[in-house]
Amino acid sequence: MADAEVIQRAKTLLDRLAERPRFAGSPDETKAREMCRQELERAGFTCAERPFEYSQWPGLWGQPVAAAFQAATILVVARTAVHQGPLAALIIGAALVTALTLASADARRRWTTQFPFQRATSANLEARRGNPNVWLVAHIDSKSCRCWFAY
C-alpha cells in the first residue's frame with residue numbers, strides 16, 4: 001500500500017470522526033468505534049469490545065455543582081469576615097476549601113465508576129496484532145463532560 005493511500009485513509013477516518021461530538025455511551029460513539037474497528041481489522045488487527053458501566057452524573061453535573069459550592073464558600077467566608085472577624089473567616093474558609101478539595105479528589109477517583117445515579121454503558125475497543133503482541137488503547141469518545149450550559 002502506498003504511503004499516499006495510507007495518509008488519505010487516515011485523513012478520511014479522522015475527518016469522519018471529527019464530524020460530531022462522541023459522548024461516552026452515545027450512538028455517535030458506537031458508530032465511531034465501529035469505524036475504528038473496520039479500519040483496524042483492515043490493517044490486520046484482531047478486535048474485541050470490552051464493555052463497562054459508569055455514571056454520567058459527574059460529567060453532566062459535577063462542574064455546576066462544584067461551582068455552586070465554591071460560590072457558597074465565598075459567601076460564607078465573606079459573611080463570616082463581616083460578622084465574626086477575619087481570623088474566623090480564614091479558619092472557616094480553610095476548612096471549606098479543604099472539604100471541597102477532598103470531595104473533588106474523591107469524585108475524580110471513584111464517582112464515574114461507583115456513583116449510583118445516571119448509570120450508562122459503553123465499550124472500549126481493544127486491538128491486538130502480531131507476536132509479540134501490539135495492543136492499542138485509545139479513547140473513542142470525544143469528551144466526557146456534557147456541559148449543560150452549552151446546549
# chains A, B, ... in the order shown; residues from 1 in each chain; ligands from 1

$ select_by_dssp --residues "range 34-105 of chain A" --states "strand (DSSP E or B)" --output "PyMOL selection string"
chain A and resi 46-55

$ closest_residue --among "A:Ala43, A:Ala127, A:Val82, A:Ala72" --to "Leu100 in chain A" --atoms "only C-alpha atoms"
A:Ala72

$ closest_residue --among "A:Leu125, A:Trp135, A:Ile140, A:Leu102" --to "Arg50 in chain A" --atoms "only C-alpha atoms"
A:Leu125

$ select_by_dssp --residues "range 20-99 of chain A" --states "alpha helix (DSSP H)" --output "NGL selection string"
:A and (27-42 or 57-84 or 86-99)

$ closest_residue --among "A:Pro64, A:Gly85, A:Asp141, A:Thr30" --to "Glu49 in chain A" --atoms "only C-alpha atoms"
A:Thr30

$ closest_residue --among "A:Trp57, A:Ala67, A:Arg128, A:Ala18" --to "Pro116 in chain A" --atoms "only C-alpha atoms"
A:Trp57

$ decode --residues "range 36-139 of chain A" --atoms "C-alpha atoms" --output "PDB file, in the first residue's frame"
ATOM      1  CA  CYS A  36     -12.211   2.315  14.046  1.00  0.00           C
ATOM      2  CA  ARG A  37     -12.843  -1.424  14.280  1.00  0.00           C
ATOM      3  CA  GLN A  38     -13.230  -1.711  10.500  1.00  0.00           C
ATOM      4  CA  GLU A  39     -10.020   0.231   9.875  1.00  0.00           C
ATOM      5  CA  LEU A  40      -8.043  -1.774  12.444  1.00  0.00           C
ATOM      6  CA  GLU A  41      -9.314  -5.105  11.113  1.00  0.00           C
ATOM      7  CA  ARG A  42      -8.423  -3.965   7.619  1.00  0.00           C
ATOM      8  CA  ALA A  43      -4.885  -3.367   8.943  1.00  0.00           C
ATOM      9  CA  GLY A  44      -4.688  -6.926  10.322  1.00  0.00           C
ATOM     10  CA  PHE A  45      -5.654  -6.367  13.951  1.00  0.00           C
ATOM     11  CA  THR A  46      -7.961  -8.657  15.911  1.00  0.00           C
ATOM     12  CA  CYS A  47     -10.519  -6.501  17.705  1.00  0.00           C
ATOM     13  CA  ALA A  48     -12.679  -7.071  20.762  1.00  0.00           C
ATOM     14  CA  GLU A  49     -15.084  -4.811  22.606  1.00  0.00           C
ATOM     15  CA  ARG A  50     -14.702  -4.551  26.383  1.00  0.00           C
ATOM     16  CA  PRO A  51     -17.980  -3.239  27.835  1.00  0.00           C
ATOM     17  CA  PHE A  52     -18.055  -1.200  31.025  1.00  0.00           C
ATOM     18  CA  GLU A  53     -20.609   0.625  33.156  1.00  0.00           C
ATOM     19  CA  TYR A  54     -20.197   4.152  34.503  1.00  0.00           C
ATOM     20  CA  SER A  55     -22.134   7.101  35.886  1.00  0.00           C
ATOM     21  CA  GLN A  56     -22.817  10.046  33.586  1.00  0.00           C
ATOM     22  CA  TRP A  57     -23.706  12.212  36.599  1.00  0.00           C
ATOM     23  CA  PRO A  58     -20.186  13.571  37.321  1.00  0.00           C
ATOM     24  CA  GLY A  59     -19.708  14.628  33.701  1.00  0.00           C
ATOM     25  CA  LEU A  60     -23.144  16.209  33.438  1.00  0.00           C
ATOM     26  CA  TRP A  61     -23.489  17.818  36.861  1.00  0.00           C
ATOM     27  CA  GLY A  62     -20.089  17.774  38.558  1.00  0.00           C
ATOM     28  CA  GLN A  63     -18.899  21.141  37.268  1.00  0.00           C
ATOM     29  CA  PRO A  64     -22.059  23.144  38.002  1.00  0.00           C
ATOM     30  CA  VAL A  65     -22.420  21.574  41.473  1.00  0.00           C
ATOM     31  CA  ALA A  66     -18.746  22.289  42.252  1.00  0.00           C
ATOM     32  CA  ALA A  67     -19.183  25.894  41.065  1.00  0.00           C
ATOM     33  CA  ALA A  68     -22.248  26.303  43.305  1.00  0.00           C
ATOM     34  CA  PHE A  69     -20.308  25.011  46.322  1.00  0.00           C
ATOM     35  CA  GLN A  70     -17.418  27.346  45.511  1.00  0.00           C
ATOM     36  CA  ALA A  71     -19.797  30.310  45.298  1.00  0.00           C
ATOM     37  CA  ALA A  72     -21.404  29.290  48.594  1.00  0.00           C
ATOM     38  CA  THR A  73     -17.936  29.062  50.172  1.00  0.00           C
ATOM     39  CA  ILE A  74     -17.128  32.615  49.063  1.00  0.00           C
ATOM     40  CA  LEU A  75     -20.406  33.895  50.513  1.00  0.00           C
ATOM     41  CA  VAL A  76     -19.925  32.067  53.832  1.00  0.00           C
ATOM     42  CA  VAL A  77     -16.350  33.342  54.188  1.00  0.00           C
ATOM     43  CA  ALA A  78     -17.397  36.916  53.337  1.00  0.00           C
ATOM     44  CA  ARG A  79     -20.285  36.809  55.823  1.00  0.00           C
ATOM     45  CA  THR A  80     -18.031  35.314  58.499  1.00  0.00           C
ATOM     46  CA  ALA A  81     -15.426  38.043  57.919  1.00  0.00           C
ATOM     47  CA  VAL A  82     -18.042  40.774  58.360  1.00  0.00           C
ATOM     48  CA  HIS A  83     -19.795  39.320  61.411  1.00  0.00           C
ATOM     49  CA  GLN A  84     -17.081  37.367  63.234  1.00  0.00           C
ATOM     50  CA  GLY A  85     -13.789  38.805  62.015  1.00  0.00           C
ATOM     51  CA  PRO A  86     -11.002  37.883  59.607  1.00  0.00           C
ATOM     52  CA  LEU A  87      -9.465  35.095  61.712  1.00  0.00           C
ATOM     53  CA  ALA A  88     -12.777  33.216  61.918  1.00  0.00           C
ATOM     54  CA  ALA A  89     -13.248  33.751  58.178  1.00  0.00           C
ATOM     55  CA  LEU A  90      -9.754  32.381  57.495  1.00  0.00           C
ATOM     56  CA  ILE A  91     -10.407  29.272  59.594  1.00  0.00           C
ATOM     57  CA  ILE A  92     -13.856  28.665  58.076  1.00  0.00           C
ATOM     58  CA  GLY A  93     -12.506  29.302  54.571  1.00  0.00           C
ATOM     59  CA  ALA A  94      -9.588  26.909  55.054  1.00  0.00           C
ATOM     60  CA  ALA A  95     -11.934  24.196  56.353  1.00  0.00           C
ATOM     61  CA  LEU A  96     -14.379  24.620  53.459  1.00  0.00           C
ATOM     62  CA  VAL A  97     -11.634  24.693  50.799  1.00  0.00           C
ATOM     63  CA  THR A  98     -10.108  21.544  52.319  1.00  0.00           C
ATOM     64  CA  ALA A  99     -13.510  19.818  52.271  1.00  0.00           C
ATOM     65  CA  LEU A 100     -14.074  20.844  48.640  1.00  0.00           C
ATOM     66  CA  THR A 101     -10.610  19.606  47.654  1.00  0.00           C
ATOM     67  CA  LEU A 102     -11.136  16.231  49.319  1.00  0.00           C
ATOM     68  CA  ALA A 103     -14.603  15.839  47.788  1.00  0.00           C
ATOM     69  CA  SER A 104     -13.246  16.754  44.354  1.00  0.00           C
ATOM     70  CA  ALA A 105     -10.397  14.232  44.641  1.00  0.00           C
ATOM     71  CA  ASP A 106     -12.858  11.528  45.698  1.00  0.00           C
ATOM     72  CA  ALA A 107     -15.202  12.440  42.846  1.00  0.00           C
ATOM     73  CA  ARG A 108     -12.431  12.170  40.253  1.00  0.00           C
ATOM     74  CA  ARG A 109     -11.219   8.875  41.659  1.00  0.00           C
ATOM     75  CA  ARG A 110     -14.468   6.978  42.252  1.00  0.00           C
ATOM     76  CA  TRP A 111     -17.683   8.676  41.167  1.00  0.00           C
ATOM     77  CA  THR A 112     -17.705   7.691  37.493  1.00  0.00           C
ATOM     78  CA  THR A 113     -17.385   4.033  38.437  1.00  0.00           C
ATOM     79  CA  GLN A 114     -19.396   3.946  41.679  1.00  0.00           C
ATOM     80  CA  PHE A 115     -21.904   6.815  41.745  1.00  0.00           C
ATOM     81  CA  PRO A 116     -25.389   5.216  41.646  1.00  0.00           C
ATOM     82  CA  PHE A 117     -27.215   7.813  39.511  1.00  0.00           C
ATOM     83  CA  GLN A 118     -27.463   8.098  35.723  1.00  0.00           C
ATOM     84  CA  ARG A 119     -25.744   4.773  35.081  1.00  0.00           C
ATOM     85  CA  ALA A 120     -24.827   4.046  31.465  1.00  0.00           C
ATOM     86  CA  THR A 121     -22.814   1.540  29.468  1.00  0.00           C
ATOM     87  CA  SER A 122     -20.174   1.891  26.811  1.00  0.00           C
ATOM     88  CA  ALA A 123     -17.297  -0.203  25.488  1.00  0.00           C
ATOM     89  CA  ASN A 124     -13.607   0.148  24.883  1.00  0.00           C
ATOM     90  CA  LEU A 125     -12.168  -1.227  21.667  1.00  0.00           C
ATOM     91  CA  GLU A 126      -9.161  -3.458  22.129  1.00  0.00           C
ATOM     92  CA  ALA A 127      -6.993  -4.267  19.090  1.00  0.00           C
ATOM     93  CA  ARG A 128      -4.148  -6.804  19.015  1.00  0.00           C
ATOM     94  CA  ARG A 129      -1.732  -7.949  16.336  1.00  0.00           C
ATOM     95  CA  GLY A 130       1.472  -9.912  15.981  1.00  0.00           C
ATOM     96  CA  ASN A 131       3.987 -11.641  18.176  1.00  0.00           C
ATOM     97  CA  PRO A 132       4.967 -10.010  20.423  1.00  0.00           C
ATOM     98  CA  ASN A 133       1.511  -8.561  20.714  1.00  0.00           C
ATOM     99  CA  VAL A 134       0.859  -4.959  19.812  1.00  0.00           C
ATOM    100  CA  TRP A 135      -2.000  -3.704  21.972  1.00  0.00           C
ATOM    101  CA  LEU A 136      -3.752  -0.449  21.035  1.00  0.00           C
ATOM    102  CA  VAL A 137      -5.723   1.607  23.537  1.00  0.00           C
ATOM    103  CA  ALA A 138      -7.389   4.964  22.837  1.00  0.00           C
ATOM    104  CA  HIS A 139     -10.443   6.978  23.801  1.00  0.00           C
TER     105      HIS A 139
END
